[in-house]
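upload-v8.cif follows (mmCIF, C-alpha atoms):
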data_start
#
loop_
_atom_site.label_atom_id
_atom_site.label_comp_id
_atom_site.auth_asym_id
_atom_site.auth_seq_id
_atom_site.Cartn_x
_atom_site.Cartn_y
_atom_site.Cartn_z
CA MET A 158 37.12 -24.66 -25.30
CA ILE A 159 36.96 -25.95 -28.84
CA ASN A 160 37.30 -23.13 -31.39
CA TYR A 161 37.33 -24.49 -34.95
CA ASP A 162 36.04 -23.32 -38.31
CA LEU A 163 33.33 -25.37 -39.99
CA LYS A 164 35.59 -26.56 -42.80
CA LYS A 165 37.88 -28.22 -40.26
CA ILE A 166 34.98 -29.73 -38.31
CA SER A 167 33.37 -31.18 -41.43
CA GLU A 168 36.68 -32.79 -42.39
CA ILE A 169 37.18 -34.29 -38.91
CA VAL A 170 33.71 -35.85 -38.83
CA ASN A 171 33.60 -36.69 -42.55
CA GLY A 172 30.47 -34.58 -42.98
CA LYS A 173 28.96 -32.51 -45.78
CA LEU A 174 29.08 -28.77 -45.07
CA ILE A 175 26.20 -26.52 -46.06
CA GLY A 176 27.09 -22.89 -45.36
CA ASP A 177 30.15 -20.77 -44.58
CA PRO A 178 33.34 -22.87 -44.25
CA ASN A 179 35.09 -20.00 -42.45
CA ALA A 180 32.46 -19.59 -39.73
CA ARG A 181 33.85 -20.57 -36.33
CA ILE A 182 32.24 -22.30 -33.41
CA LYS A 183 33.22 -21.98 -29.76
CA GLY A 184 31.77 -24.69 -27.57
CA VAL A 185 29.37 -27.55 -28.24
CA HIS A 186 26.12 -28.74 -26.68
CA PHE A 187 23.37 -31.27 -27.40
CA ASP A 188 20.80 -29.62 -25.09
CA SER A 189 18.88 -26.90 -26.92
CA ARG A 190 18.40 -25.05 -23.63
CA MET A 191 22.17 -24.84 -23.11
CA ALA A 192 23.22 -24.05 -26.68
CA LYS A 193 24.44 -20.44 -26.69
CA GLN A 194 25.46 -17.95 -29.34
CA GLY A 195 28.51 -19.08 -31.27
CA MET A 196 28.15 -22.74 -30.28
CA LEU A 197 27.78 -25.88 -32.39
CA PHE A 198 24.54 -27.73 -31.66
CA ALA A 199 24.37 -31.52 -31.82
CA PRO A 200 20.72 -32.59 -32.29
CA ILE A 201 20.08 -36.00 -30.74
CA ILE A 202 17.10 -38.16 -31.67
CA GLY A 203 15.61 -39.25 -28.35
CA GLU A 204 12.71 -41.49 -27.41
CA LYS A 205 10.30 -38.55 -27.10
CA VAL A 206 12.01 -35.57 -28.75
CA ASP A 207 13.99 -35.15 -31.95
CA GLY A 208 16.65 -32.49 -31.38
CA HIS A 209 16.52 -31.57 -35.06
CA SER A 210 13.20 -29.83 -34.40
CA PHE A 211 15.06 -27.12 -32.46
CA VAL A 212 17.75 -26.38 -35.04
CA ALA A 213 15.95 -23.71 -37.08
CA ASP A 214 15.10 -21.60 -34.01
CA LEU A 215 18.60 -22.00 -32.57
CA LEU A 216 20.18 -20.82 -35.82
CA ARG A 217 17.90 -17.77 -35.85
CA ASN A 218 18.87 -17.05 -32.26
CA GLY A 219 22.59 -17.07 -32.90
CA ILE A 220 24.20 -20.49 -32.66
CA ALA A 221 27.03 -20.73 -35.19
CA ALA A 222 26.14 -24.09 -36.71
CA SER A 223 24.48 -27.45 -36.20
CA PHE A 224 25.10 -31.05 -37.05
CA TRP A 225 22.31 -32.75 -39.00
CA GLN A 226 21.74 -36.50 -39.23
CA LYS A 227 21.22 -37.35 -42.89
CA ASP A 228 18.35 -39.76 -42.31
CA ASP A 229 16.30 -37.34 -40.22
CA PRO A 230 12.91 -36.77 -41.88
CA LEU A 231 12.69 -33.06 -41.06
CA GLU A 232 13.59 -30.46 -43.67
CA ILE A 233 17.10 -29.02 -43.31
CA PRO A 234 16.78 -25.33 -42.33
CA GLU A 235 18.77 -22.41 -43.71
CA GLY A 236 22.06 -21.74 -42.00
CA ASN A 237 25.38 -23.43 -41.30
CA ILE A 238 24.76 -27.18 -41.27
CA ILE A 239 27.12 -30.17 -41.24
CA VAL A 240 25.30 -33.27 -42.47
CA VAL A 241 26.67 -36.48 -40.91
CA ASP A 242 25.77 -40.15 -40.91
CA ASP A 243 25.19 -40.16 -37.15
CA VAL A 244 25.25 -37.12 -34.85
CA GLN A 245 26.42 -38.97 -31.75
CA THR A 246 29.31 -40.58 -33.62
CA ALA A 247 30.28 -37.20 -35.11
CA LEU A 248 30.25 -35.66 -31.65
CA GLN A 249 32.58 -38.37 -30.37
CA LYS A 250 34.95 -38.07 -33.34
CA LEU A 251 35.22 -34.34 -32.85
CA ALA A 252 35.88 -34.75 -29.12
CA ALA A 253 38.57 -37.39 -29.70
CA HIS A 254 40.33 -35.15 -32.22
CA TYR A 255 40.18 -32.13 -29.93
CA ARG A 256 41.47 -34.15 -26.96
CA ARG A 257 44.65 -34.94 -28.90
CA THR A 258 45.36 -31.20 -29.20
CA LEU A 259 45.02 -30.44 -25.48
CA LYS A 260 48.05 -30.09 -23.23
CA CYS A 261 46.14 -30.46 -19.97
CA HIS A 262 46.04 -33.77 -18.12
CA PHE A 263 42.95 -35.93 -17.70
CA ILE A 264 41.94 -37.94 -14.62
CA GLY A 265 39.27 -40.52 -15.49
CA ILE A 266 36.88 -41.87 -12.86
CA THR A 267 34.58 -44.85 -13.24
CA GLY A 268 32.75 -47.34 -11.02
CA SER A 269 29.32 -48.84 -10.43
CA SER A 270 28.67 -46.24 -7.75
CA GLY A 271 30.55 -43.34 -6.20
CA LYS A 272 31.76 -41.87 -9.53
CA THR A 273 30.25 -38.44 -9.07
CA SER A 274 31.24 -38.08 -5.42
CA THR A 275 34.78 -39.23 -6.21
CA LYS A 276 34.95 -36.76 -9.11
CA ASP A 277 33.91 -33.92 -6.80
CA ILE A 278 36.36 -34.93 -4.05
CA VAL A 279 39.31 -35.45 -6.40
CA SER A 280 38.58 -32.16 -8.15
CA SER A 281 38.45 -30.32 -4.82
CA VAL A 282 41.90 -31.65 -3.89
CA VAL A 283 43.57 -31.15 -7.28
CA SER A 284 42.18 -27.61 -7.61
CA GLN A 285 44.09 -26.56 -4.48
CA LYS A 286 47.26 -26.45 -6.60
CA TYR A 287 46.23 -26.67 -10.26
CA ARG A 288 43.65 -25.00 -12.49
CA THR A 289 41.05 -27.76 -12.67
CA CYS A 290 37.89 -28.52 -14.63
CA LYS A 291 35.50 -31.37 -13.94
CA THR A 292 32.51 -33.08 -15.48
CA PHE A 293 29.46 -30.90 -15.02
CA GLY A 294 26.78 -32.61 -12.96
CA ASN A 295 26.55 -36.23 -14.03
CA GLN A 296 27.29 -35.88 -17.77
CA ASN A 297 29.34 -39.04 -17.74
CA ASN A 298 28.12 -41.11 -20.70
CA ASP A 299 29.01 -41.22 -24.38
CA LEU A 300 26.99 -38.04 -24.91
CA GLY A 301 28.13 -36.15 -21.82
CA VAL A 302 31.83 -37.01 -22.02
CA PRO A 303 32.33 -35.27 -25.40
CA LEU A 304 30.94 -32.10 -23.83
CA THR A 305 33.39 -32.37 -20.94
CA VAL A 306 36.29 -32.69 -23.38
CA MET A 307 35.27 -29.95 -25.82
CA ASN A 308 34.22 -27.40 -23.20
CA VAL A 309 37.40 -27.57 -21.11
CA ASP A 310 38.55 -24.11 -19.98
CA ASP A 311 41.40 -22.79 -22.08
CA ASP A 312 43.71 -22.40 -19.07
CA ALA A 313 42.95 -25.78 -17.46
CA GLU A 314 45.87 -27.87 -16.21
CA TYR A 315 43.82 -30.87 -15.06
CA VAL A 316 40.41 -32.24 -16.05
CA VAL A 317 38.56 -34.68 -13.79
CA ALA A 318 36.28 -36.65 -16.12
CA GLU A 319 33.55 -38.95 -14.88
CA MET A 320 33.16 -41.96 -17.18
CA GLY A 321 29.98 -44.02 -16.81
CA ILE A 322 29.05 -47.05 -18.87
CA ASN A 323 25.79 -48.92 -19.36
CA ASP A 324 26.74 -51.44 -22.04
CA ILE A 325 29.60 -53.34 -23.62
CA GLY A 326 31.76 -51.16 -25.86
CA VAL A 327 30.93 -47.83 -24.22
CA MET A 328 34.16 -47.63 -22.20
CA ASP A 329 36.23 -48.10 -25.35
CA ARG A 330 34.57 -45.04 -26.87
CA LEU A 331 35.02 -43.00 -23.69
CA VAL A 332 38.72 -43.86 -23.39
CA THR A 333 39.27 -42.84 -27.02
CA MET A 334 37.84 -39.41 -26.17
CA VAL A 335 39.36 -38.89 -22.72
CA GLN A 336 42.74 -40.68 -22.85
CA PRO A 337 43.11 -40.49 -19.04
CA GLU A 338 46.59 -40.42 -17.53
CA ILE A 339 45.34 -41.19 -14.02
CA THR A 340 42.33 -43.42 -13.38
CA VAL A 341 40.09 -44.32 -10.45
CA ILE A 342 37.73 -47.29 -10.16
CA SER A 343 35.50 -46.47 -7.20
CA SER A 344 33.45 -49.67 -6.91
CA ILE A 345 32.03 -52.72 -8.60
CA GLY A 346 28.36 -53.61 -8.18
CA PRO A 347 25.47 -55.02 -10.21
CA ALA A 348 24.53 -51.73 -11.88
CA HIS A 349 23.54 -52.35 -15.55
CA ILE A 350 24.17 -56.06 -15.05
CA ALA A 351 21.39 -56.81 -17.55
CA GLN A 352 23.52 -55.21 -20.30
CA LEU A 353 26.99 -56.15 -19.02
CA GLY A 354 26.07 -59.77 -18.36
CA SER A 355 27.67 -60.60 -15.02
CA MET A 356 29.76 -59.17 -12.20
CA ASP A 357 32.89 -60.40 -13.98
CA GLY A 358 31.68 -58.67 -17.13
CA ILE A 359 31.26 -55.44 -15.18
CA VAL A 360 34.81 -55.74 -13.81
CA GLU A 361 36.21 -56.32 -17.29
CA GLN A 362 34.40 -53.36 -18.82
CA LYS A 363 35.22 -50.95 -15.98
CA CYS A 364 38.89 -51.90 -16.07
CA LEU A 365 39.05 -50.95 -19.75
CA ILE A 366 39.45 -47.39 -18.49
CA ASN A 367 43.14 -48.40 -18.28
CA ARG A 368 43.30 -49.52 -21.90
CA ASP A 369 45.74 -46.77 -22.96
CA LEU A 370 47.16 -45.87 -19.53
CA GLY A 371 50.83 -46.29 -20.48
CA ASP A 372 52.96 -44.59 -17.81
CA GLY A 373 49.84 -43.47 -15.95
CA GLN A 374 48.53 -44.74 -12.64
CA CYS A 375 45.32 -46.50 -11.62
CA PHE A 376 43.83 -46.19 -8.13
CA TYR A 377 41.08 -48.62 -7.13
CA ASN A 378 38.83 -49.61 -4.24
CA GLN A 379 40.56 -52.79 -3.12
CA SER A 380 37.50 -54.24 -1.36
CA SER A 381 35.42 -54.18 -4.54
CA TYR A 382 34.59 -57.44 -6.27
CA GLY A 383 37.17 -58.72 -8.71
CA LEU A 384 39.26 -55.58 -9.17
CA LYS A 385 42.50 -56.64 -7.51
CA ASP A 386 42.92 -59.82 -9.53
CA HIS A 387 41.74 -58.40 -12.85
CA LEU A 388 43.95 -55.30 -12.64
CA ALA A 389 46.93 -57.51 -11.79
CA SER A 390 46.26 -59.51 -14.97
CA MET A 391 46.17 -56.46 -17.26
CA GLY A 392 49.94 -56.02 -17.48
CA LEU A 393 49.84 -52.36 -16.46
CA ARG A 394 53.20 -50.65 -16.61
CA HIS A 395 52.80 -49.52 -12.98
CA PRO A 396 50.90 -51.77 -10.54
CA ALA A 397 47.47 -50.39 -9.62
CA ILE A 398 47.27 -48.78 -6.17
CA GLY A 399 44.58 -50.20 -3.90
CA TYR A 400 42.92 -48.13 -1.20
CA GLY A 401 40.58 -49.11 1.62
CA PHE A 402 40.30 -50.02 5.29
CA GLU A 403 42.15 -53.33 5.00
CA LYS A 404 45.71 -53.58 6.31
CA ASP A 405 47.10 -54.87 3.01
CA CYS A 406 45.95 -51.81 1.04
CA ASP A 407 48.49 -49.33 -0.32
CA ILE A 408 46.47 -46.42 1.07
CA ILE A 409 44.67 -47.19 4.34
CA ALA A 410 41.98 -45.29 6.28
CA GLU A 411 41.86 -45.67 10.06
CA ASP A 412 39.88 -44.20 12.96
CA TYR A 413 36.82 -43.57 10.80
CA ARG A 414 34.20 -41.53 12.67
CA LEU A 415 30.82 -40.08 11.73
CA ASN A 416 29.37 -36.95 13.34
CA ASP A 417 26.74 -34.31 12.66
CA GLU A 418 29.25 -32.19 10.74
CA GLY A 419 30.49 -34.97 8.50
CA THR A 420 33.18 -37.64 8.62
CA SER A 421 36.72 -37.80 10.00
CA PHE A 422 39.50 -40.36 9.55
CA THR A 423 43.24 -40.90 9.66
CA CYS A 424 45.51 -41.85 6.76
CA ARG A 425 49.26 -42.36 7.04
CA GLY A 426 49.09 -40.93 10.56
CA ARG A 427 47.49 -37.67 9.38
CA GLN A 428 44.04 -36.38 10.23
CA TYR A 429 41.44 -35.57 7.57
CA SER A 430 37.80 -34.50 7.69
CA LEU A 431 34.99 -34.39 5.13
CA PRO A 432 31.88 -32.19 5.37
CA ILE A 433 29.86 -35.13 4.00
CA LEU A 434 28.57 -38.39 5.40
CA GLY A 435 29.58 -41.98 4.88
CA ARG A 436 32.19 -44.68 5.16
CA HIS A 437 32.17 -44.99 1.38
CA GLN A 438 33.00 -41.27 1.11
CA VAL A 439 36.17 -42.01 3.08
CA LEU A 440 37.08 -44.54 0.38
CA ASN A 441 36.50 -41.89 -2.27
CA ALA A 442 38.67 -39.48 -0.28
CA LEU A 443 41.50 -42.04 -0.19
CA ALA A 444 41.60 -41.97 -4.00
CA ALA A 445 41.90 -38.18 -3.83
CA ILE A 446 44.70 -38.41 -1.27
CA GLY A 447 46.61 -40.84 -3.49
CA ILE A 448 46.19 -38.63 -6.55
CA GLY A 449 47.12 -35.53 -4.59
CA GLU A 450 50.33 -37.16 -3.39
CA ARG A 451 51.17 -38.31 -6.92
CA LEU A 452 50.73 -34.76 -8.21
CA GLY A 453 52.97 -33.31 -5.50
CA ILE A 454 50.20 -31.56 -3.59
CA GLU A 455 51.21 -30.80 -0.01
CA TYR A 456 49.39 -32.39 2.94
CA GLU A 457 47.83 -29.13 4.13
CA LEU A 458 46.37 -28.48 0.68
CA ILE A 459 45.03 -32.04 0.40
CA ARG A 460 43.51 -31.65 3.87
CA LYS A 461 41.97 -28.30 2.85
CA GLY A 462 40.59 -29.77 -0.37
CA LEU A 463 38.85 -32.57 1.52
CA ALA A 464 37.49 -30.22 4.18
CA GLU A 465 35.99 -27.89 1.56
CA VAL A 466 34.53 -30.45 -0.86
CA LYS A 467 31.07 -29.74 -2.26
CA LEU A 468 29.24 -32.65 -3.80
CA THR A 469 26.99 -32.59 -6.84
CA PRO A 470 23.39 -32.31 -5.49
CA HIS A 471 21.42 -35.40 -4.42
CA ARG A 472 24.49 -37.34 -3.25
CA LEU A 473 24.02 -37.73 0.51
CA GLN A 474 23.03 -34.07 0.61
CA LEU A 475 21.89 -32.83 4.01
CA ARG A 476 18.73 -30.71 4.00
CA LYS A 477 16.23 -29.53 6.55
CA ILE A 478 12.49 -29.53 6.02
CA ARG A 479 10.70 -27.88 8.90
CA ASP A 480 12.71 -29.31 11.80
CA ALA A 481 13.49 -32.73 10.32
CA VAL A 482 16.90 -33.70 8.89
CA ILE A 483 16.69 -34.98 5.31
CA ILE A 484 19.48 -37.09 3.81
CA ASP A 485 18.96 -36.74 0.06
CA ASP A 486 20.74 -39.57 -1.79
CA THR A 487 18.23 -39.62 -4.60
CA TYR A 488 20.28 -39.29 -7.76
CA ASN A 489 20.63 -42.99 -8.43
CA CYS A 490 20.75 -46.38 -6.78
CA ASN A 491 22.12 -49.88 -7.10
CA PRO A 492 22.42 -52.61 -4.46
CA SER A 493 26.00 -51.84 -3.42
CA SER A 494 25.46 -48.08 -3.13
CA LEU A 495 22.20 -48.64 -1.23
CA VAL A 496 23.88 -50.92 1.31
CA ALA A 497 26.74 -48.43 1.77
CA SER A 498 24.34 -45.55 2.35
CA LEU A 499 22.15 -47.54 4.75
CA GLN A 500 25.24 -48.45 6.77
CA MET A 501 25.99 -44.76 7.01
CA VAL A 502 22.47 -44.02 8.28
CA LEU A 503 22.87 -46.67 10.98
CA GLN A 504 26.02 -44.90 12.15
CA TYR A 505 24.42 -41.46 12.10
CA ASN A 506 23.58 -39.70 15.39
CA ASN A 507 21.54 -42.23 17.40
CA SER A 508 19.66 -39.50 19.25
CA TYR A 509 17.41 -39.19 16.17
CA ARG A 510 14.52 -41.37 15.08
CA LYS A 511 15.47 -42.79 11.69
CA ALA A 512 13.11 -43.49 8.80
CA VAL A 513 14.52 -44.85 5.54
CA VAL A 514 12.64 -44.37 2.27
CA ILE A 515 13.74 -46.77 -0.47
CA GLY A 516 12.44 -46.96 -4.03
CA ASP A 517 12.93 -49.31 -6.95
CA MET A 518 16.42 -50.00 -8.28
CA LEU A 519 15.99 -50.09 -12.04
CA GLU A 520 17.83 -51.85 -14.91
CA LEU A 521 18.69 -54.95 -12.88
CA GLY A 522 17.15 -57.34 -15.39
CA GLU A 523 16.15 -60.86 -14.41
CA THR A 524 18.13 -60.60 -11.16
CA SER A 525 16.05 -57.66 -9.89
CA ALA A 526 13.99 -59.54 -7.30
CA LYS A 527 17.03 -61.35 -5.91
CA LEU A 528 19.08 -58.16 -5.68
CA HIS A 529 16.29 -56.19 -4.02
CA SER A 530 15.57 -58.88 -1.44
CA GLY A 531 19.28 -59.44 -0.83
CA VAL A 532 19.65 -55.98 0.71
CA ALA A 533 17.75 -57.30 3.75
CA ASP A 534 20.48 -59.89 4.26
CA GLU A 535 23.21 -57.24 4.44
CA ILE A 536 21.47 -54.60 6.58
CA ASP A 537 19.69 -55.04 9.93
CA PHE A 538 16.50 -53.13 9.12
CA SER A 539 15.18 -53.70 12.65
CA ARG A 540 17.51 -50.89 13.77
CA PHE A 541 15.49 -48.32 11.81
CA ASP A 542 12.41 -46.75 13.36
CA ASP A 543 10.51 -47.00 10.09
CA VAL A 544 11.09 -48.56 6.67
CA VAL A 545 9.14 -47.08 3.77
CA LEU A 546 9.29 -48.79 0.37
CA ILE A 547 7.93 -47.26 -2.85
CA GLY A 548 7.41 -49.00 -6.19
CA SER A 549 6.93 -52.47 -7.60
CA GLU A 550 10.47 -53.89 -7.61
CA VAL A 551 10.86 -53.28 -3.85
CA GLN A 552 8.03 -55.77 -3.28
CA ALA A 553 10.77 -58.43 -3.13
CA LEU A 554 12.52 -56.52 -0.33
CA ALA A 555 9.23 -56.14 1.52
CA GLU A 556 8.65 -59.89 1.35
CA ARG A 557 12.13 -60.67 2.69
CA LEU A 558 11.64 -58.20 5.54
CA GLY A 559 8.34 -59.92 6.32
CA GLU A 560 10.18 -63.25 6.55
CA GLN A 561 12.49 -61.59 9.08
CA ASN A 562 9.49 -60.27 11.05
CA ILE A 563 10.48 -56.68 10.29
CA LYS A 564 7.60 -54.32 9.64
CA CYS A 565 7.68 -51.98 6.64
CA GLN A 566 5.31 -49.68 4.77
CA LEU A 567 4.86 -50.41 1.05
CA PHE A 568 3.45 -47.76 -1.30
CA ALA A 569 2.74 -47.94 -5.00
CA ASP A 570 3.75 -44.36 -5.77
CA ASN A 571 5.35 -41.19 -4.41
CA THR A 572 2.07 -39.37 -3.87
CA SER A 573 0.66 -41.86 -1.40
CA ALA A 574 4.00 -42.25 0.35
CA GLY A 575 4.37 -38.48 0.64
CA GLN A 576 1.17 -38.20 2.66
CA TYR A 577 2.47 -40.82 5.08
CA LEU A 578 5.93 -39.24 5.43
CA ARG A 579 4.67 -35.80 6.43
CA LYS A 580 4.29 -36.97 10.03
CA TYR A 581 8.11 -37.16 10.29
CA LEU A 582 8.67 -33.49 9.48
CA GLU A 583 9.44 -32.47 13.04
CA LYS A 584 12.46 -32.10 15.27
CA GLY A 585 14.32 -35.27 16.23
CA ASN A 586 13.67 -37.17 12.99
CA VAL A 587 16.00 -38.16 10.16
CA LEU A 588 14.56 -39.22 6.80
CA PHE A 589 16.85 -40.94 4.32
CA PHE A 590 15.81 -41.19 0.64
CA LYS A 591 17.35 -43.38 -2.08
CA ALA A 592 16.12 -44.90 -5.35
CA SER A 593 17.00 -45.04 -9.02
CA ASN A 594 16.68 -41.71 -10.77
CA GLY A 595 13.62 -42.88 -12.67
CA MET A 596 11.66 -42.99 -9.40
CA HIS A 597 11.80 -39.17 -9.13
CA PHE A 598 12.60 -39.11 -5.42
CA ALA A 599 14.09 -35.60 -5.69
CA SER A 600 10.60 -34.41 -6.61
CA LEU A 601 9.17 -36.40 -3.70
CA ILE A 602 11.41 -34.48 -1.29
CA ASP A 603 10.49 -31.18 -2.94
CA SER A 604 6.81 -32.01 -2.46
CA LEU A 605 7.41 -32.50 1.27
CA GLU A 606 9.05 -29.09 1.43
CA GLU A 607 6.10 -27.51 -0.31
#
Represent the structure contained in this file as structure tokens.
Amino acid sequence: MINYDLKKISEIVNGKLIGDPNARIKGVHFDSRMAKQGMLFAPIIGEKVDGHSFVADLLRNGIAASFWQKDDPLEIPEGNIIVVDDVQTALQKLAAHYRRTLKCHFIGITGSSGKTSTKDIVSSVVSQKYRTCKTFGNQNNDLGVPLTVMNVDDDAEYVVAEMGINDIGVMDRLVTMVQPEITVISSIGPAHIAQLGSMDGIVEQKCLINRDLGDGQCFYNQSSYGLKDHLASMGLRHPAIGYGFEKDCDIIAEDYRLNDEGTSFTCRGRQYSLPILGRHQVLNALAAIGIGERLGIEYELIRKGLAEVKLTPHRLQLRKIRDAVIIDDTYNCNPSSLVASLQMVLQYNNSYRKAVVIGDMLELGETSAKLHSGVADEIDFSRFDDVVLIGSEVQALAERLGEQNIKCQLFADNTSAGQYLRKYLEKGNVLFFKASNGMHFASLIDSLEE
């Protein structure tokens, strides 16, 4: 964990120090609720809250120091303050500097979907042999990544860093901070296509994770759009390793099976099992197998790491409410991840009645209607016992289902849908939930439990 005096920090970020230059900080956070004694606080100006409004109280309660953005209109409080042009930029500069001092190795993971699950699976495998840290929760953007870097445990040998992007230029900043020596690209889909411009633009930006790879190794989902050709054109020192179900992949999964306990498959003639659901989770596991083999981790330890994996909540998490099985995949959603999860539900135990609850996929720009309706062309919704749609963007999906003579229930909000869904809370039913995070589906499930 970062442990610098304020004089050094102010020099790194080119800031103006007000206070004790010899005072030391240990750890950094931008969330006032997580900033503890001795930490450096990074106040971010958000849409609704200005983090600078918390600085005075945090200093009184024992944080060591705080950044302060020079154009913030609030009065600078008493205490150790480093005034900077931009807090977020200062945070990233400090993280990039600290990363260069670390001796541990970084594994960077990106993709349009599957990043967090892949991070959890890879970390579970690597930790069987090495002291391993990973991105906490889903702190994978240009605010969260600096925290991952600067709060690495002092004895860590490997760090598994999730690296998410939502615009052009973000990956460059993340790579500067993380400098990954092993990379994974889990998928390519139309997430943030409004900002990234096109599917080819998404491929280009995701592949920038390999910008400074050098002697490192990239693993990628070979079935994903555009990756194979683009990676081949990058001139990587070592050819990228493709994984998947196809026979021409470098790492191949076979005999994929889904059961009530999770998922099983074979790779290189060896048996593996996951306590989680989904064909796409097998793909994520293949990346972990490849990395484990590269790091010299024995088969039995790789197998154990996969069998014991625990995902970050709301990623195909199995729950029970009354006697119904709930599949909580509510953290986020884009067309490719939705299709993958719906395919998994179709393969789930057919002795259950299956109701799927789908909400709006956000940030799809002008292509939103086309992408929502297109899901109906990739999934046979007639195989579900009920289809429940919530929001305004899913209207396009409802219309396409109507054209296919498939009945669905369309609700404007979670409250009205929740009343309808209560009838499924009994034995023999499976309810699957997925939508963009802004639809608050996790709260919808909690309301059913209450």
Selection: 8 Å around region 234-249 of chain A, all atoms listed in the file, excl. self and same-chain fewer than 3 positions, as a PyMOL selection string: chain A and resi 163+167+170-177+199-201+212-213+216+221-228+252-253+299-300+303+330+334
Starting from the PyMOL selection byres ((chain A and resi 342) around 6), expand the selection into actual residues of this file and give them as a ChimeraX atom specification. /A:267-268,341,343-344,377
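Interatomic distance, CA of Tyr429 (chain A) against CA of Ala464 (chain A): 7.5 Å.
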Looking at all atoms listed in the file, which of A:Ile366, A:Ala481, A:Ile536, A:Leu443 is the one that sits closest to Lys580 (chain A)?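 Among the listed residues, the smallest separation from Lys580 (chain A) belongs to A:Ala481.
When the PyMOL selection byres ((chain A and resi 346) around 6) is run on the displayed coordinates, the residues it returns are Ser269, Ile345, Pro347, Ala348 and Ser493 of chain A.
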Evaluated on this file, the PyMOL selection byres ((chain A and resi 449) around 12) picks out some residues - which ones are they, written as an MDAnalysis selection string? chainID A and resid 264 278:287 315 339 376 442:448 450:463
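In this structure, CA of Thr305 (chain A) sits 24.7 Å away from CA of Leu353 (chain A).
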If we count all atoms listed in the file, what is near Asn562 (chain A) at a cut-off of 9 Å, once residues fewer than 4 positions away on the same chain are taken out, given as a ChimeraX atom specification? /A:539,557-558
What is the CA of Ile220 (chain A)-CA of Gln194 (chain A) distance in Å, reported with one decimal?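 A separation of 4.4 Å between them.
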For Ser593 (chain A), which of A:Leu519, A:Ala389, A:Val360, A:Val327 is the closest residue, counting all atoms listed in the file?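 Checking each candidate against Ser593 (chain A), we get A:Leu519 as the closest.
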